[in-house]
$ cat query_32.cif   # mmCIF, C-alpha atoms
data_work
loop_
_atom_site.label_atom_id
_atom_site.label_comp_id
_atom_site.auth_asym_id
_atom_site.auth_seq_id
_atom_site.Cartn_x
_atom_site.Cartn_y
_atom_site.Cartn_z
CA MET A 1 47.89 -33.22 27.04
CA THR A 2 50.45 -33.97 29.68
CA SER A 3 50.54 -32.36 33.09
CA SER A 4 53.46 -30.22 32.07
CA SER A 5 51.71 -28.66 29.11
CA ALA A 6 48.79 -27.92 31.41
CA ALA A 7 51.21 -26.14 33.74
CA ALA A 8 52.57 -24.19 30.79
CA ARG A 9 49.17 -22.67 30.25
CA LYS A 10 49.03 -21.30 33.78
CA ALA A 11 49.13 -17.52 33.57
CA LEU A 12 52.36 -15.68 34.26
CA SER A 13 52.84 -14.29 37.76
CA LYS A 14 53.16 -10.55 38.15
CA ILE A 15 56.92 -10.83 38.60
CA ALA A 16 57.21 -13.01 35.50
CA SER A 17 55.16 -10.74 33.27
CA ASN A 18 57.00 -7.67 34.53
CA ARG A 19 60.31 -9.23 33.80
CA LEU A 20 59.27 -10.49 30.33
CA GLN A 21 57.96 -7.06 29.44
CA LYS A 22 61.32 -5.58 30.37
CA GLU A 23 63.15 -8.26 28.38
CA LEU A 24 61.00 -7.52 25.36
CA VAL A 25 61.69 -3.78 25.55
CA GLU A 26 65.42 -4.48 25.88
CA TRP A 27 65.23 -6.92 22.96
CA GLN A 28 63.56 -4.31 20.77
CA VAL A 29 66.31 -1.79 21.53
CA ASN A 30 69.15 -4.24 21.42
CA PRO A 31 68.32 -7.62 19.81
CA PRO A 32 70.99 -10.36 19.84
CA ALA A 33 72.73 -10.56 16.45
CA GLY A 34 71.16 -13.17 14.16
CA PHE A 35 67.77 -13.26 15.90
CA LYS A 36 64.39 -11.78 15.11
CA HIS A 37 61.48 -11.85 17.51
CA LYS A 38 58.18 -12.47 15.76
CA VAL A 39 55.75 -9.95 17.16
CA THR A 40 52.67 -11.42 18.82
CA ASP A 41 50.56 -10.27 21.73
CA ASN A 42 51.42 -13.43 23.64
CA LEU A 43 54.06 -12.62 26.23
CA GLN A 44 54.11 -16.23 27.41
CA ARG A 45 55.19 -17.74 24.09
CA TRP A 46 57.90 -16.16 22.00
CA VAL A 47 58.67 -17.32 18.49
CA ILE A 48 62.11 -16.28 17.39
CA GLU A 49 63.74 -16.54 13.99
CA VAL A 50 67.40 -17.49 14.05
CA THR A 51 69.81 -17.24 11.14
CA GLY A 52 73.00 -19.31 11.15
CA ALA A 53 76.15 -17.24 11.60
CA PRO A 54 78.24 -16.51 8.48
CA GLY A 55 81.17 -18.87 8.01
CA THR A 56 79.53 -21.73 9.94
CA LEU A 57 77.76 -24.88 8.76
CA TYR A 58 74.42 -23.15 9.20
CA ALA A 59 75.22 -19.90 7.37
CA ASN A 60 72.18 -18.38 5.65
CA GLU A 61 69.88 -21.09 7.03
CA THR A 62 66.89 -19.87 9.00
CA TYR A 63 65.15 -21.75 11.80
CA GLN A 64 62.43 -20.97 14.29
CA LEU A 65 62.73 -21.24 18.04
CA GLN A 66 59.73 -21.40 20.31
CA VAL A 67 60.12 -20.36 23.95
CA ASP A 68 57.31 -20.97 26.48
CA PHE A 69 57.46 -19.41 29.93
CA PRO A 70 56.20 -20.87 33.20
CA GLU A 71 54.21 -19.02 35.84
CA HIS A 72 57.27 -18.46 38.02
CA TYR A 73 59.80 -17.39 35.43
CA PRO A 74 62.66 -16.53 36.00
CA MET A 75 62.81 -18.61 39.20
CA GLU A 76 62.05 -21.51 36.87
CA ALA A 77 63.70 -22.03 33.49
CA PRO A 78 61.50 -21.51 30.42
CA GLN A 79 58.90 -24.27 30.18
CA GLN A 80 60.44 -25.29 26.91
CA VAL A 81 62.88 -23.96 24.37
CA ILE A 82 62.49 -25.95 21.15
CA PHE A 83 63.09 -25.66 17.43
CA LEU A 84 59.92 -25.71 15.36
CA HIS A 85 59.92 -28.14 12.45
CA PRO A 86 62.31 -28.48 10.66
CA ALA A 87 64.99 -28.43 13.38
CA PRO A 88 68.61 -27.89 12.31
CA LEU A 89 70.74 -31.01 11.83
CA HIS A 90 73.04 -30.89 14.83
CA PRO A 91 74.55 -33.48 17.21
CA HIS A 92 72.68 -31.94 20.17
CA ILE A 93 69.36 -31.20 18.51
CA TYR A 94 66.76 -33.95 18.16
CA SER A 95 64.49 -34.18 15.13
CA ASN A 96 61.50 -33.24 17.31
CA GLY A 97 63.18 -29.90 18.05
CA HIS A 98 64.36 -30.67 21.58
CA ILE A 99 67.75 -29.20 22.42
CA CYS A 100 70.32 -30.83 24.68
CA LEU A 101 71.81 -27.77 26.40
CA ASP A 102 72.43 -27.75 30.15
CA ILE A 103 71.49 -24.10 30.80
CA LEU A 104 67.94 -24.84 29.69
CA TYR A 105 67.52 -27.43 32.42
CA ASP A 106 69.80 -28.24 35.38
CA SER A 107 72.07 -25.26 34.97
CA TRP A 108 69.39 -22.61 34.67
CA SER A 109 69.99 -19.38 36.54
CA PRO A 110 67.44 -16.57 36.96
CA ALA A 111 70.07 -14.09 35.81
CA MET A 112 69.82 -15.56 32.30
CA THR A 113 67.47 -14.01 29.76
CA VAL A 114 65.87 -15.00 26.47
CA SER A 115 68.63 -13.03 24.83
CA SER A 116 71.41 -14.92 26.63
CA ILE A 117 69.69 -18.26 25.85
CA CYS A 118 69.60 -17.32 22.17
CA ILE A 119 73.29 -16.46 22.18
CA SER A 120 74.12 -19.83 23.77
CA ILE A 121 72.06 -21.68 21.17
CA LEU A 122 73.68 -19.80 18.29
CA SER A 123 77.13 -20.51 19.71
CA MET A 124 76.19 -24.18 19.98
CA LEU A 125 75.21 -24.15 16.29
CA SER A 126 78.30 -22.21 15.26
CA SER A 127 80.76 -24.53 16.96
CA SER A 128 79.35 -27.65 15.29
CA THR A 129 81.70 -29.42 12.88
CA VAL A 130 79.24 -31.94 11.50
CA LYS A 131 75.60 -31.86 10.45
CA GLN A 132 74.01 -34.90 12.01
CA ARG A 133 71.41 -35.94 14.58
CA PRO A 134 72.33 -37.14 18.06
CA GLU A 135 73.18 -40.87 18.16
CA ASP A 136 70.13 -41.69 20.29
CA ASN A 137 67.76 -39.56 18.19
CA ASP A 138 65.26 -42.29 17.18
CA ARG A 139 64.97 -43.74 20.67
CA TYR A 140 64.60 -40.30 22.25
CA VAL A 141 62.03 -39.01 19.79
CA LYS A 142 59.98 -42.20 20.19
CA ASN A 143 59.97 -41.73 23.95
CA CYS A 144 58.67 -38.20 23.51
CA ARG A 145 55.70 -39.18 21.38
CA ASN A 146 53.25 -38.62 24.22
CA GLY A 147 54.00 -34.89 24.01
CA ARG A 148 56.50 -34.92 26.82
CA SER A 149 58.26 -31.61 27.44
CA PRO A 150 62.07 -31.57 27.21
CA LYS A 151 62.14 -30.37 30.81
CA GLU A 152 60.98 -33.82 31.89
CA THR A 153 63.88 -35.51 30.22
CA ARG A 154 66.68 -36.68 32.47
CA TRP A 155 69.39 -35.21 30.36
CA TRP A 156 72.92 -36.37 30.42
CA PHE A 157 74.76 -33.67 28.62
CA HIS A 158 76.89 -34.30 25.62
CA ASP A 159 80.39 -32.97 25.43
CA ASP A 160 80.26 -29.25 26.21
CA LYS A 161 82.68 -28.37 23.48
CA VAL A 162 80.43 -29.10 20.53
CA MET B 14 53.04 -6.79 71.49
CA GLY B 15 50.96 -9.87 72.36
CA PRO B 16 50.16 -10.18 76.03
CA ASN B 17 52.12 -12.82 77.88
CA ALA B 18 50.01 -15.97 77.95
CA GLY B 19 51.30 -17.13 81.31
CA SER B 20 50.15 -14.15 83.33
CA LEU B 21 47.01 -13.07 81.56
CA SER B 22 44.48 -11.36 83.76
CA ALA B 23 40.83 -12.24 83.29
CA ALA B 24 40.26 -9.01 81.39
CA ALA B 25 43.19 -9.66 79.11
CA GLN B 26 41.99 -13.20 78.41
CA GLN B 27 38.55 -11.91 77.58
CA ALA B 28 40.02 -9.25 75.32
CA GLU B 29 42.08 -11.86 73.45
CA LYS B 30 38.94 -13.93 72.91
CA LEU B 31 37.20 -10.86 71.54
CA ARG B 32 40.11 -10.24 69.20
CA MET B 33 39.85 -13.79 67.83
CA ASN B 34 36.12 -13.32 67.31
CA GLY B 35 36.82 -10.04 65.58
CA ASN B 36 39.35 -11.75 63.30
CA LYS B 37 36.81 -14.43 62.40
CA CYS B 38 34.20 -11.80 61.53
CA PHE B 39 36.80 -9.86 59.55
CA ASN B 40 37.68 -12.92 57.49
CA LYS B 41 33.99 -13.30 56.63
CA ASP B 42 33.83 -9.63 55.57
CA ARG B 43 31.51 -8.87 58.49
CA PHE B 44 33.25 -5.62 59.31
CA ALA B 45 30.62 -4.05 61.59
CA ALA B 46 30.61 -7.13 63.82
CA ALA B 47 34.40 -7.19 63.81
CA ILE B 48 34.51 -3.52 64.84
CA ASP B 49 32.17 -4.28 67.76
CA ALA B 50 34.41 -7.12 68.93
CA TYR B 51 37.60 -5.06 68.71
CA THR B 52 35.90 -2.12 70.43
CA GLU B 53 35.00 -4.36 73.37
CA ALA B 54 38.56 -5.66 73.46
CA ILE B 55 39.85 -2.08 73.51
CA THR B 56 37.48 -1.18 76.35
CA LEU B 57 38.87 -4.06 78.39
CA CYS B 58 42.56 -3.52 77.46
CA PRO B 59 43.09 -0.10 75.92
CA ASN B 60 46.87 -0.49 75.80
CA VAL B 61 47.17 -3.24 73.21
CA ALA B 62 48.17 -1.66 69.88
CA VAL B 63 47.01 -4.65 67.80
CA TYR B 64 43.37 -4.14 68.84
CA TRP B 65 43.57 -0.60 67.49
CA THR B 66 45.22 -1.56 64.21
CA ASN B 67 42.78 -4.43 63.69
CA ARG B 68 39.89 -2.05 64.15
CA ALA B 69 41.57 0.46 61.84
CA LEU B 70 41.76 -2.25 59.17
CA CYS B 71 37.97 -2.69 59.41
CA HIS B 72 37.46 1.07 59.07
CA ARG B 73 39.74 0.99 56.06
CA LYS B 74 37.60 -1.70 54.43
CA ARG B 75 34.60 0.58 54.96
CA ASN B 76 36.46 3.63 53.62
CA ASP B 77 36.03 5.39 56.94
CA TRP B 78 39.36 7.14 56.77
CA VAL B 79 38.81 9.56 59.67
CA ARG B 80 38.46 6.61 62.02
CA VAL B 81 41.38 4.78 60.39
CA GLU B 82 43.55 7.77 61.21
CA GLU B 83 42.31 8.03 64.82
CA ASP B 84 42.88 4.36 65.54
CA CYS B 85 46.30 4.28 63.90
CA ARG B 86 47.50 7.32 65.81
CA ARG B 87 46.46 5.62 69.00
CA ALA B 88 48.22 2.39 67.99
CA ILE B 89 51.44 4.27 67.19
CA GLN B 90 51.35 6.01 70.56
CA LEU B 91 51.22 2.59 72.18
CA ASP B 92 53.76 0.97 69.86
CA ASN B 93 55.87 3.24 67.73
CA ASN B 94 57.10 0.19 65.78
CA SER B 95 53.66 -0.84 64.58
CA VAL B 96 54.06 -1.55 60.84
CA LYS B 97 50.31 -1.63 60.24
CA GLY B 98 49.79 1.52 62.30
CA HIS B 99 52.23 3.56 60.23
CA TYR B 100 51.04 1.94 57.01
CA MET B 101 47.35 2.69 57.42
CA LEU B 102 48.04 6.13 58.90
CA GLY B 103 50.00 6.86 55.74
CA LEU B 104 47.09 5.73 53.56
CA ALA B 105 44.66 7.87 55.57
CA LEU B 106 46.92 10.91 55.15
CA LEU B 107 47.15 10.33 51.42
CA GLN B 108 43.35 10.23 51.31
CA ARG B 109 43.40 13.73 52.79
CA GLN B 110 45.94 14.73 50.12
CA GLU B 111 48.63 15.16 52.77
CA TYR B 112 51.19 13.67 50.38
CA ALA B 113 54.42 14.54 52.17
CA LYS B 114 53.19 13.33 55.56
CA GLY B 115 51.54 10.24 54.09
CA ILE B 116 54.68 9.28 52.21
CA ARG B 117 56.74 9.70 55.38
CA GLU B 118 54.48 7.27 57.26
CA LEU B 119 54.56 4.72 54.43
CA GLN B 120 58.36 4.95 54.31
CA LYS B 121 58.52 4.35 58.06
CA ALA B 122 56.17 1.34 57.71
CA LEU B 123 58.33 -0.02 54.89
CA ASP B 124 61.55 0.27 56.90
CA LEU B 125 59.95 -1.38 59.93
CA GLY B 126 58.34 -4.08 57.80
CA ARG B 127 61.62 -4.93 56.11
CA GLY B 128 63.30 -5.22 59.49
CA ALA B 129 60.63 -7.69 60.62
CA ASN B 130 60.17 -9.79 57.48
CA PRO B 131 61.83 -8.70 54.24
CA LYS B 132 59.90 -11.24 52.15
CA GLY B 133 56.50 -10.65 53.73
CA TYR B 134 53.42 -9.70 51.76
CA MET B 135 53.13 -6.51 53.82
CA VAL B 136 56.42 -5.20 52.48
CA GLU B 137 55.30 -5.69 48.89
CA GLU B 138 51.92 -4.11 49.56
CA ILE B 139 53.44 -1.12 51.34
CA TRP B 140 55.95 -0.66 48.54
CA GLN B 141 53.17 -0.61 45.94
CA GLU B 142 51.26 2.05 47.83
CA LEU B 143 54.39 4.10 48.46
CA ALA B 144 55.44 3.93 44.82
CA LYS B 145 51.95 4.92 43.72
CA ALA B 146 51.92 7.92 46.07
CA ARG B 147 55.40 9.02 45.03
CA TYR B 148 54.48 8.71 41.36
CA GLN B 149 51.39 10.83 41.88
CA GLU B 150 53.43 13.37 43.79
CA TRP B 151 55.89 13.50 40.90
CA GLU B 152 53.13 13.87 38.31
CA HIS B 153 51.74 16.75 40.28
CA SER B 154 55.01 18.60 40.83
CA SER B 155 56.43 17.91 37.36
CA THR B 156 53.31 19.29 35.70
CA LYS B 157 53.77 22.45 37.75
CA ARG B 158 57.46 22.65 36.87
CA SER B 159 56.82 22.17 33.18
CA TRP B 160 54.22 24.99 33.20
CA GLU B 161 56.67 27.28 34.93
CA LEU B 162 59.42 26.47 32.46
CA GLN B 163 57.13 26.85 29.48
CA SER B 164 55.92 30.31 30.46
CA LEU B 165 59.45 31.41 31.37
CA LYS B 166 60.67 30.18 28.01
CA GLU B 167 57.98 32.08 26.15
CA ALA B 168 58.82 35.24 28.10
CA CYS B 169 62.52 34.87 27.25
CA GLU B 170 61.78 34.24 23.60
CA SER B 171 59.62 37.30 23.23
CA ALA B 172 62.20 39.41 25.11
CA LEU B 173 64.89 38.23 22.68
CA LYS B 174 62.68 39.04 19.72
CA GLU B 175 61.91 42.50 21.05
CA LYS B 176 65.59 43.16 21.60
CA TYR B 177 66.26 42.13 18.02
CA VAL B 178 63.65 44.56 16.70
CA ILE B 179 65.08 47.37 18.86
CA ASP B 180 68.62 46.58 17.72
CA ILE B 181 67.56 46.76 14.09
CA SER B 182 65.72 50.04 14.48
CA GLN B 183 68.72 51.58 16.27
CA ARG B 184 71.08 50.57 13.52
CA GLU B 185 68.82 51.83 10.79
CA GLY B 186 70.55 51.65 7.49
CA PHE B 187 73.45 49.53 8.76
CA LEU B 188 72.86 45.88 8.13
CA ASP B 189 76.26 44.79 9.35
CA GLU B 190 74.88 42.73 12.22
CA ASP B 191 74.45 39.11 11.30
CA PRO B 192 70.78 38.07 11.67
CA THR B 193 71.87 34.45 12.19
CA SER B 194 73.23 35.30 15.64
CA HIS B 195 69.68 36.13 16.65
CA PHE B 196 68.50 32.69 15.55
CA GLU B 197 71.43 31.08 17.27
CA GLN B 198 70.43 32.77 20.49
CA LEU B 199 66.89 31.46 20.15
CA GLU B 200 68.22 27.97 19.52
CA ALA B 201 70.54 28.15 22.50
CA LEU B 202 67.60 29.25 24.62
CA GLY B 203 65.67 26.19 23.46
CA ARG B 204 68.59 23.95 24.44
CA VAL B 205 68.87 25.51 27.88
CA PHE B 206 65.20 24.91 28.55
CA SER B 207 65.10 21.33 27.30
CA LYS B 208 68.16 20.64 29.48
CA ALA B 209 66.30 22.08 32.46
CA ALA B 210 63.34 19.77 31.78
CA GLU B 211 65.50 16.66 31.26
CA ASP B 212 65.07 15.14 34.74
CA ASP B 213 61.31 15.10 34.33
CA VAL B 214 61.37 13.22 31.03
CA PRO B 215 60.79 9.49 31.65
CA THR B 216 63.60 7.41 30.12
CA GLU B 217 65.45 4.27 31.16
CA VAL B 218 66.70 3.65 34.67
CA PRO B 219 70.49 3.06 34.46
CA ASP B 220 71.41 -0.65 34.50
CA TYR B 221 73.59 -0.31 37.59
CA LEU B 222 70.51 0.65 39.61
CA CYS B 223 68.56 -2.40 38.41
CA CYS B 224 68.55 -5.98 39.70
CA LYS B 225 69.85 -8.50 37.15
CA ILE B 226 66.97 -10.83 37.99
CA THR B 227 63.96 -8.51 38.17
CA LEU B 228 65.48 -6.03 35.66
CA ASP B 229 63.70 -3.46 37.80
CA ILE B 230 65.06 -0.59 39.92
CA PHE B 231 66.37 -1.77 43.31
CA ARG B 232 64.19 -1.45 46.39
CA ASP B 233 66.19 -3.33 49.01
CA PRO B 234 69.55 -4.21 47.41
CA VAL B 235 71.90 -6.81 48.90
CA ILE B 236 75.44 -7.62 47.84
CA THR B 237 76.95 -11.13 47.57
CA PRO B 238 80.57 -12.12 48.27
CA SER B 239 81.11 -12.06 44.47
CA GLY B 240 80.43 -8.33 44.61
CA LEU B 241 77.14 -8.57 42.72
CA THR B 242 73.98 -6.86 43.90
CA TYR B 243 70.45 -8.28 43.77
CA GLU B 244 67.00 -7.47 45.07
CA ARG B 245 66.79 -9.00 48.55
CA ALA B 246 63.43 -10.77 48.31
CA VAL B 247 64.27 -12.20 44.88
CA ILE B 248 67.74 -13.50 45.67
CA LEU B 249 66.33 -15.12 48.83
CA GLU B 250 63.70 -16.84 46.70
CA HIS B 251 66.38 -17.97 44.26
CA LEU B 252 68.49 -19.46 47.07
CA GLN B 253 65.46 -21.29 48.37
CA LYS B 254 63.99 -22.53 45.09
CA VAL B 255 66.72 -22.72 42.48
CA GLY B 256 69.90 -23.39 44.38
CA ARG B 257 72.55 -22.06 46.70
CA PHE B 258 74.67 -20.24 44.16
CA ASP B 259 75.20 -16.72 42.94
CA PRO B 260 72.97 -16.45 39.83
CA ILE B 261 75.66 -14.75 37.76
CA THR B 262 79.00 -16.13 38.93
CA ARG B 263 77.57 -19.49 40.11
CA GLU B 264 79.82 -19.29 43.17
CA PRO B 265 78.33 -21.07 46.21
CA LEU B 266 76.12 -18.68 48.17
CA ASN B 267 74.23 -18.85 51.47
CA PRO B 268 71.52 -16.47 52.68
CA SER B 269 73.72 -15.50 55.65
CA GLN B 270 76.33 -14.10 53.26
CA LEU B 271 74.01 -11.42 51.91
CA THR B 272 74.62 -7.88 53.17
CA SER B 273 72.64 -4.72 52.50
CA ASN B 274 74.26 -2.66 49.77
CA LEU B 275 73.81 0.71 51.39
CA ALA B 276 75.71 2.64 48.74
CA ILE B 277 73.42 1.40 45.95
CA LYS B 278 70.42 1.98 48.17
CA GLU B 279 71.44 5.61 48.58
CA ALA B 280 72.13 5.94 44.87
CA VAL B 281 68.63 4.62 44.12
CA GLN B 282 67.11 7.05 46.58
CA ALA B 283 69.02 9.96 45.04
CA PHE B 284 67.95 8.87 41.55
CA LEU B 285 64.29 8.54 42.56
CA GLU B 286 64.39 11.89 44.34
CA LYS B 287 65.31 13.53 41.05
CA HIS B 288 63.38 11.24 38.68
CA GLY B 289 60.04 10.53 40.31
CA TRP B 290 58.74 8.92 37.09
CA ALA B 291 60.85 5.85 37.90
CA TYR B 292 58.34 5.02 40.65
CA LYS B 293 55.90 3.96 37.96
CA ILE B 294 55.00 0.30 38.40
CA ASP B 295 53.96 -1.77 35.36
#
$ encode --input "query_32.cif" --output "structure tokens"
Amino acid sequence: MTSSSAAARKALSKIASNRLQKELVEWQVNPPAGFKHKVTDNLQRWVIEVTGAPGTLYANETYQLQVDFPEHYPMEAPQQVIFLHPAPLHPHIYSNGHICLDILYDSWSPAMTVSSICISILSMLSSSTVKQRPEDNDRYVKNCRNGRSPKETRWWFHDDKV
Amino acid sequence: MGPNAGSLSAAAQQAEKLRMNGNKCFNKDRFAAAIDAYTEAITLCPNVAVYWTNRALCHRKRNDWVRVEEDCRRAIQLDNNSVKGHYMLGLALLQRQEYAKGIRELQKALDLGRGANPKGYMVEEIWQELAKARYQEWEHSSTKRSWELQSLKEACESALKEKYVIDISQREGFLDEDPTSHFEQLEALGRVFSKAAEDDVPTEVPDYLCCKITLDIFRDPVITPSGLTYERAVILEHLQKVGRFDPITREPLNPSQLTSNLAIKEAVQAFLEKHGWAYKID
């Protein structure tokens, strides 16, 4: 266990759990198109089913996203947002499920929600023109073998357009 | 209201020492000893509001609300801006079920506390107590209102039914009147009464009265140069911890650029006045 996964287990603050409860209620009334939240009693870890948008490379394919929240969400970005195995083949998604998307790391803003994260991820999938792993996939995944969280990666972001 | 260190008289110096001792005892939960220390300090310097509020805090810990009230009233006489004085007086009044007066004191404490330190723990604590009191007040008054409406509705319904029976007996033999109009009247009556009860039915707070970060109803809203409104304590925390930008537009933003959004604040107050259920926390 790394220090970051220990931090992930720290209970949510009152502000964080309040806010997640409200997000969950809003999600139930108005879920983002293409996503299904798998009901659990764990507010700190959401597992979300995503279905590729029609007319894109990922149409009719279903994947699972796991979102873990830190104690001080939303002042801190989610602890991790990853695809559970198997992760979609995409130039910004590593085979260990880590996603190279700036809003999840450096460009996080507390005004973003799980719902807006999901929409960004789906739009990233939809705009892809080729099904392949990032060029540095093997090196990156090897470096992550110790269970490192994607938040500890020093990302340099791929072209925003894909 | 701390005495000026440079020109402390012997009595004042002694009283300050007693206050420190009292604080130490308080932190060890030795409330009786703390009360003794503060009482001595008060005897030496009866005009220092803090000695009274400190002692009131000890009485509060011991649930001695009569004394809490006495000490707080004295503290407020000495310093009408005492946050703790108004706060604990409000709590004592609520204990006596003086809801309106208690709420007024808590509101005053909240306004003063925000002026002094908008991010302080006191402000949060006072808000929690105020919201709790207001929610209870709403529960109480809405129950009463719903009883009143219910009995009025039943009276109206039976009056309508009686009228229908009378109408029929007067028109004996002539069945030209449409019985559906009677049912329509009853239905309309039902609509009128559910409309009257609408404000008391807990629903969603409108989005424009909620902070985009907390997703909760505004307490102390501030507006940024981008025209967006956030909860003051939370946007300050964002600027300190995440970065100096507007969370939605990502325009550069400094704490000094935040201004109270008085219009939204009034709108929130008006909404809460009518929909006390929105005070519910959690």
$ residues_around --input "query_32.cif" --residues "segment 58-68 of chain A" --least-positions-apart "2" --cutoff "8 Å" --atoms "all atoms listed in the file" --output "mmCIF file with C-alpha atoms, keeping the file's coordinate frame"
data_model
loop_
_atom_site.group_PDB
_atom_site.id
_atom_site.type_symbol
_atom_site.label_atom_id
_atom_site.label_comp_id
_atom_site.auth_asym_id
_atom_site.auth_seq_id
_atom_site.Cartn_x
_atom_site.Cartn_y
_atom_site.Cartn_z
ATOM 1 C CA ALA A 8 52.570 -24.190 30.790
ATOM 2 C CA GLN A 44 54.110 -16.230 27.410
ATOM 3 C CA ARG A 45 55.190 -17.740 24.090
ATOM 4 C CA TRP A 46 57.900 -16.160 22.000
ATOM 5 C CA VAL A 47 58.670 -17.320 18.490
ATOM 6 C CA ILE A 48 62.110 -16.280 17.390
ATOM 7 C CA GLU A 49 63.740 -16.540 13.990
ATOM 8 C CA VAL A 50 67.400 -17.490 14.050
ATOM 9 C CA THR A 51 69.810 -17.240 11.140
ATOM 10 C CA GLY A 52 73.000 -19.310 11.150
ATOM 11 C CA ALA A 53 76.150 -17.240 11.600
ATOM 12 C CA PRO A 54 78.240 -16.510 8.480
ATOM 13 C CA GLY A 55 81.170 -18.870 8.010
ATOM 14 C CA THR A 56 79.530 -21.730 9.940
ATOM 15 C CA PRO A 70 56.200 -20.870 33.200
ATOM 16 C CA PRO A 78 61.500 -21.510 30.420
ATOM 17 C CA GLN A 79 58.900 -24.270 30.180
ATOM 18 C CA GLN A 80 60.440 -25.290 26.910
ATOM 19 C CA VAL A 81 62.880 -23.960 24.370
ATOM 20 C CA ILE A 82 62.490 -25.950 21.150
ATOM 21 C CA PHE A 83 63.090 -25.660 17.430
ATOM 22 C CA LEU A 84 59.920 -25.710 15.360
ATOM 23 C CA HIS A 85 59.920 -28.140 12.450
ATOM 24 C CA PRO A 86 62.310 -28.480 10.660
ATOM 25 C CA ALA A 87 64.990 -28.430 13.380
ATOM 26 C CA PRO A 88 68.610 -27.890 12.310
ATOM 27 C CA LEU A 125 75.210 -24.150 16.290
ATOM 28 C CA SER A 126 78.300 -22.210 15.260
#
$ atom_distance --input "query_32.cif" --atom1 "atom CA of Ala33 of chain A" --atom2 "atom CA of Leu20 of chain A"
19.3 Å
$ residues_around --input "query_32.cif" --residues "Arg245 of chain B" --least-positions-apart "5" --cutoff "10 Å" --atoms "all atoms listed in the file" --output "list in words"
Pro131, Lys132, Cys224, Phe231, Arg232, Asp233, Pro234, Val235, Ile236, Glu250, His251, Pro268, Leu271, Thr272, Ser273 and Asn274 of chain B
$ write_last_selection --input "query_32.cif" --atoms "C-alpha atoms" --output "short mmCIF file (atom, residue, chain, number, x, y, z; two decimals), in the frame of the given file"
data_model
loop_
_atom_site.label_atom_id
_atom_site.label_comp_id
_atom_site.auth_asym_id
_atom_site.auth_seq_id
_atom_site.Cartn_x
_atom_site.Cartn_y
_atom_site.Cartn_z
CA PRO B 131 61.83 -8.70 54.24
CA LYS B 132 59.90 -11.24 52.15
CA CYS B 224 68.55 -5.98 39.70
CA PHE B 231 66.37 -1.77 43.31
CA ARG B 232 64.19 -1.45 46.39
CA ASP B 233 66.19 -3.33 49.01
CA PRO B 234 69.55 -4.21 47.41
CA VAL B 235 71.90 -6.81 48.90
CA ILE B 236 75.44 -7.62 47.84
CA GLU B 250 63.70 -16.84 46.70
CA HIS B 251 66.38 -17.97 44.26
CA PRO B 268 71.52 -16.47 52.68
CA LEU B 271 74.01 -11.42 51.91
CA THR B 272 74.62 -7.88 53.17
CA SER B 273 72.64 -4.72 52.50
CA ASN B 274 74.26 -2.66 49.77
#
$ atom_distance --input "query_32.cif" --atom1 "atom CA of Thr66 of chain B" --atom2 "atom CA of Val81 of chain B"
8.3 Å
$ closest_atom_pairs --input "query_32.cif" --of "chain A" --to "chain B" --cutoff "9 Å" --atoms "only C-alpha atoms" --output "tab-separated table"
residue	atom	partner	partner_atom	distance
A:Ile15	CA	B:Thr227	CA	7.4
A:Ala16	CA	B:Thr227	CA	8.5
A:Asn18	CA	B:Asp295	CA	6.7
A:Arg19	CA	B:Thr227	CA	5.7
A:Gln21	CA	B:Asp295	CA	8.9
A:Lys22	CA	B:Leu228	CA	6.7
A:Glu23	CA	B:Leu228	CA	8.0
A:Pro74	CA	B:Ile226	CA	7.4
A:Met75	CA	B:His251	CA	6.2
A:Glu76	CA	B:Val255	CA	7.4
A:Trp108	CA	B:Val255	CA	8.3
A:Ser109	CA	B:Pro260	CA	5.3
A:Pro110	CA	B:Ile226	CA	5.9
A:Ala111	CA	B:Ile226	CA	5.0
A:Met112	CA	B:Ile226	CA	7.9
A:Thr113	CA	B:Ile226	CA	8.8
$ atom_distance --input "query_32.cif" --atom1 "atom CA of Tyr51 of chain B" --atom2 "atom CA of Gly98 of chain B"
15.3 Å
$ resolve_selection --input "query_32.cif" --expression "the PyMOL selection byres ((chain A and resi 140) around 12)" --output "PyMOL selection string"
chain A and resi 92-100+133-139+141-146+148-150+153-155
